[in-house]
Amino acid sequence: MRMRFLGSTSEAGACPTLYETDRGTIVVQGLQLTDAEALADLRDVLDGETAVEVPRELITEIARRVLPHGAETAFPTSEGTPSATA
């Protein structure tokens, strides 16, 4: 698998960073989520999986750059609340 750097909101090459793969997937580089309360909210975590936290600004900036209609359609909202299923 090969990856292409998409962008980062960090300075000096530190996390978080997003990459696009030649398989049509996105790779997220970031600090591993270790907050026990947040981890308890995760669903169906398989062996070998982990969660990382990235700023919303990074995702919307990359969406603006790489998606045909930019970030305005990347993350639909319902009454101002982000919705992954909208």
# chains A, B, ... in the order shown; residues from 1 in each chain; ligands from 1
$ closest_atom_pairs --of "stretch 43-73 of chain A" --to "stretch 2-13 of chain A" --cutoff "9 Å" --atoms "only C-alpha atoms" --output "Markdown table"
| residue | atom | partner | partner_atom | distance |
| --- | --- | --- | --- | --- |
| A:Pro55 | CA | A:Thr9 | CA | 8.0 |
| A:Glu57 | CA | A:Thr9 | CA | 7.7 |
| A:Leu58 | CA | A:Thr9 | CA | 5.8 |
| A:Glu61 | CA | A:Gly7 | CA | 8.3 |
| A:Ile62 | CA | A:Gly7 | CA | 6.6 |
| A:Arg65 | CA | A:Leu6 | CA | 8.7 |
| A:Val66 | CA | A:Leu6 | CA | 8.4 |
$ residues_around --residues "stretch 37-51 of chain A" --least-positions-apart "6" --cutoff "12 Å" --atoms "only C-alpha atoms" --output "ChimeraX atom specification"
/A:27-31
$ atom_distance --atom1 "atom CA of A:Cys15" --atom2 "atom CA of A:Pro68"
25.9 Å
$ atom_distance --atom1 "atom CA of A:Met1" --atom2 "atom CA of A:Thr25"
10.4 Å
